[in-house]
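A quick write-up on the structure given underneath.
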Amino acid sequence: MPSNVARARSRRPPPRERLLKAADELFYSEGVHSVGIDRVIERADVARASLYSTFGSKDELIRAYLENRMEISKARLRAAVEAHADPRQRLLSVFGVQAAVFARPGYQGCPFNRATAEAQPGSAAYEVPRAYRGWLRDFLRELAAAAGAPDPDLLASQIHLLYDGAMLAASLDGNAGITAASRTAAEALLDAALASRPSGRHRKEPVASG
């Protein structure tokens, strides 16, 4: 083997990294259920034994792909929130994250929604998206509470619905600008929640005697 070829191969990413990259590209663009393991192996340019020694099965490769996507999504949301000091803007910033994701070339919808189509209970494509949705609900609940919502669970559920609806509109309707409408609706919900808080000025004052 020529020395330059050997050096080029030695600089290649390790098999795990190449497999994850190939899985991310293929699973997202074509679906975790449609892409066979042979195509991932071919794209990654690894031996079949490397895949099974690294992940053990296609399902575990799917799990690694989705968990990687989940960590990326979490990092984006946390970074957007941390860019603001105002609790109101921190909560509404999640729609800015969506707008940026929708504008990315090759966007084909939520990778978790795509993976759960026809997923069997107990599989990675079933479990990881549910874990991410649970994390997102908790994240929104914490932000709603910090913004002063008297019922953070309710407001978080409402905003989560808007968040989900924007994803569907962007992927199925091709409406990448839907996040502006979702943010406006979220602002209205937040204002209504804050307006419903008990206020000291509504307490009945005692009647003066004498």
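We label chains A, B, ... in the order they appear in the structure tokens, count residues from 1 in each chain, and number ligands from 1 in the order shown.
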Legend entry - Backbone DSSP call of helix (DSSP H, G or I) for chain A, listed as a VMD selection string: chain A and resid 3 to 10 15 to 30 37 to 44 48 to 54 58 to 82 87 to 92 94 to 102 111 to 116 124 to 146 152 to 172 178 to 195 200 to 202
Which polymer residues have any atom within 10 Å of an atom of Ala180 in chain A, counting only C-alpha atoms, with same-chain residues fewer than 3 positions away left out, as a PDB file with all heavy atoms, in the first residue's frame?
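Result file selection-v4.pdb:
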```pdb
ATOM      1  N   PHE A  95     -39.010  29.430  19.810  1.00  0.00           N
ATOM      2  CA  PHE A  95     -39.520  29.550  18.445  1.00  0.00           C
ATOM      3  C   PHE A  95     -38.464  30.111  17.501  1.00  0.00           C
ATOM      4  O   PHE A  95     -38.490  29.831  16.299  1.00  0.00           O
ATOM      5  CB  PHE A  95     -40.787  30.404  18.430  1.00  0.00           C
ATOM      6  CG  PHE A  95     -41.923  29.766  19.182  1.00  0.00           C
ATOM      7  CD1 PHE A  95     -42.255  30.177  20.461  1.00  0.00           C
ATOM      8  CD2 PHE A  95     -42.631  28.716  18.615  1.00  0.00           C
ATOM      9  CE1 PHE A  95     -43.284  29.561  21.160  1.00  0.00           C
ATOM     10  CE2 PHE A  95     -43.658  28.100  19.311  1.00  0.00           C
ATOM     11  CZ  PHE A  95     -43.987  28.513  20.583  1.00  0.00           C
ATOM     12  N   GLY A  96     -37.514  30.865  18.040  1.00  0.00           N
ATOM     13  CA  GLY A  96     -36.392  31.311  17.226  1.00  0.00           C
ATOM     14  C   GLY A  96     -35.506  30.149  16.817  1.00  0.00           C
ATOM     15  O   GLY A  96     -34.976  30.111  15.704  1.00  0.00           O
ATOM     16  N   GLN A  98     -36.590  27.100  16.357  1.00  0.00           N
ATOM     17  CA  GLN A  98     -37.337  26.432  15.284  1.00  0.00           C
ATOM     18  C   GLN A  98     -37.139  27.142  13.952  1.00  0.00           C
ATOM     19  O   GLN A  98     -36.913  26.493  12.929  1.00  0.00           O
ATOM     20  CB  GLN A  98     -38.824  26.391  15.619  1.00  0.00           C
ATOM     21  CG  GLN A  98     -39.244  25.242  16.503  1.00  0.00           C
ATOM     22  CD  GLN A  98     -40.736  25.015  16.454  1.00  0.00           C
ATOM     23  OE1 GLN A  98     -41.524  25.949  16.382  1.00  0.00           O
ATOM     24  NE2 GLN A  98     -41.134  23.767  16.496  1.00  0.00           N
ATOM     25  N   ALA A  99     -37.251  28.451  13.947  1.00  0.00           N
ATOM     26  CA  ALA A  99     -37.117  29.205  12.699  1.00  0.00           C
ATOM     27  C   ALA A  99     -35.765  28.943  12.040  1.00  0.00           C
ATOM     28  O   ALA A  99     -35.674  28.767  10.817  1.00  0.00           O
ATOM     29  CB  ALA A  99     -37.294  30.700  12.971  1.00  0.00           C
ATOM     30  N   ALA A 166     -46.101  23.936  14.659  1.00  0.00           N
ATOM     31  CA  ALA A 166     -45.178  24.627  13.751  1.00  0.00           C
ATOM     32  C   ALA A 166     -44.320  23.627  12.992  1.00  0.00           C
ATOM     33  O   ALA A 166     -44.057  23.798  11.789  1.00  0.00           O
ATOM     34  CB  ALA A 166     -44.300  25.600  14.538  1.00  0.00           C
ATOM     35  N   ALA A 176     -42.236  27.480   6.226  1.00  0.00           N
ATOM     36  CA  ALA A 176     -41.109  27.700   7.129  1.00  0.00           C
ATOM     37  C   ALA A 176     -41.284  28.946   7.981  1.00  0.00           C
ATOM     38  O   ALA A 176     -40.620  29.104   9.004  1.00  0.00           O
ATOM     39  CB  ALA A 176     -39.809  27.810   6.325  1.00  0.00           C
ATOM     40  N   GLY A 177     -42.208  29.847   7.588  1.00  0.00           N
ATOM     41  CA  GLY A 177     -42.414  31.070   8.345  1.00  0.00           C
ATOM     42  C   GLY A 177     -43.469  30.951   9.425  1.00  0.00           C
ATOM     43  O   GLY A 177     -43.833  31.953  10.049  1.00  0.00           O
ATOM     44  N   ARG A 183     -45.097  32.049  17.643  1.00  0.00           N
ATOM     45  CA  ARG A 183     -44.568  32.908  18.704  1.00  0.00           C
ATOM     46  C   ARG A 183     -45.616  33.930  19.148  1.00  0.00           C
ATOM     47  O   ARG A 183     -45.767  34.194  20.342  1.00  0.00           O
ATOM     48  CB  ARG A 183     -43.304  33.616  18.237  1.00  0.00           C
ATOM     49  CG  ARG A 183     -42.685  34.507  19.320  1.00  0.00           C
ATOM     50  CD  ARG A 183     -41.561  35.367  18.785  1.00  0.00           C
ATOM     51  NE  ARG A 183     -41.205  36.397  19.744  1.00  0.00           N
ATOM     52  CZ  ARG A 183     -40.173  36.347  20.576  1.00  0.00           C
ATOM     53  NH1 ARG A 183     -39.372  35.297  20.566  1.00  0.00           N
ATOM     54  NH2 ARG A 183     -39.927  37.328  21.414  1.00  0.00           N
ATOM     55  N   THR A 184     -46.334  34.510  18.178  1.00  0.00           N
ATOM     56  CA  THR A 184     -47.379  35.477  18.516  1.00  0.00           C
ATOM     57  C   THR A 184     -48.460  34.831  19.375  1.00  0.00           C
ATOM     58  O   THR A 184     -48.928  35.424  20.365  1.00  0.00           O
ATOM     59  CB  THR A 184     -48.002  36.057  17.234  1.00  0.00           C
ATOM     60  OG1 THR A 184     -46.987  36.737  16.481  1.00  0.00           O
ATOM     61  CG2 THR A 184     -49.115  37.031  17.555  1.00  0.00           C
ATOM     62  N   ALA A 185     -48.855  33.613  19.017  1.00  0.00           N
ATOM     63  CA  ALA A 185     -49.856  32.895  19.803  1.00  0.00           C
ATOM     64  C   ALA A 185     -49.330  32.579  21.202  1.00  0.00           C
ATOM     65  O   ALA A 185     -50.063  32.674  22.194  1.00  0.00           O
ATOM     66  CB  ALA A 185     -50.261  31.612  19.088  1.00  0.00           C
ATOM     67  N   ALA A 186     -48.051  32.224  21.286  1.00  0.00           N
ATOM     68  CA  ALA A 186     -47.447  31.924  22.589  1.00  0.00           C
ATOM     69  C   ALA A 186     -47.408  33.172  23.464  1.00  0.00           C
ATOM     70  O   ALA A 186     -47.639  33.099  24.672  1.00  0.00           O
ATOM     71  CB  ALA A 186     -46.040  31.368  22.397  1.00  0.00           C
TER      72      ALA A 186
END
```
Inset, instruction - With a distance cut-off of 12 Å and only C-alpha atoms, select the neighbouring residues of Leu155 in chain A, excluding the residue or stretch itself and same-chain residues fewer than 2 positions from it, and output the selection as a PyMOL selection string. - result: chain A and resi 91-92+137-153+157-162+185-194
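Taking only C-alpha atoms into account, Arg18 in chain A lies nearest to A:Ala47 out of the set A:Tyr163, A:Arg63, A:Ala47, A:His33.
Restricting the calculation to only C-alpha atoms, the smallest distance between Val81 in chain A and any of A:Ser182, A:Glu67, A:Val97, A:Gln120 is found for A:Val97.
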Within 7 Å of range 102-117 of chain A: each range 22-97 of chain A residue with its shortest pair, only C-alpha atoms, as JSON lines:
```
{"residue": "A:Tyr28", "atom": "CA", "partner": "A:Pro111", "partner_atom": "CA", "distance": 6.2}
{"residue": "A:Gly31", "atom": "CA", "partner": "A:Ala115", "partner_atom": "CA", "distance": 6.6}
{"residue": "A:Val32", "atom": "CA", "partner": "A:Ala115", "partner_atom": "CA", "distance": 6.0}
```
Inset, instruction - For Arg69 in chain A, work out the shell of residues within 12 Å, counting only C-alpha atoms and skipping chain neighbours fewer than 4 positions away, then give it as a list in words. - result: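 Once the nearby chain positions are removed, what remains is Leu20, Lys21, Ala23, Asp24, Glu25, Phe27, Tyr28, Ile62, Arg63, Ala64, Tyr65, Ser73, Lys74, Ala75, Arg76, Cys110, Pro111, Phe112, Ala115, Val128, Pro129 and Tyr132 of chain A.
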Inset, instruction - Please measure the separation of CA of Ser93 in chain A and CA of Ala170 in chain A, giving the value in Å to one decimal. - result: 17.6 Å
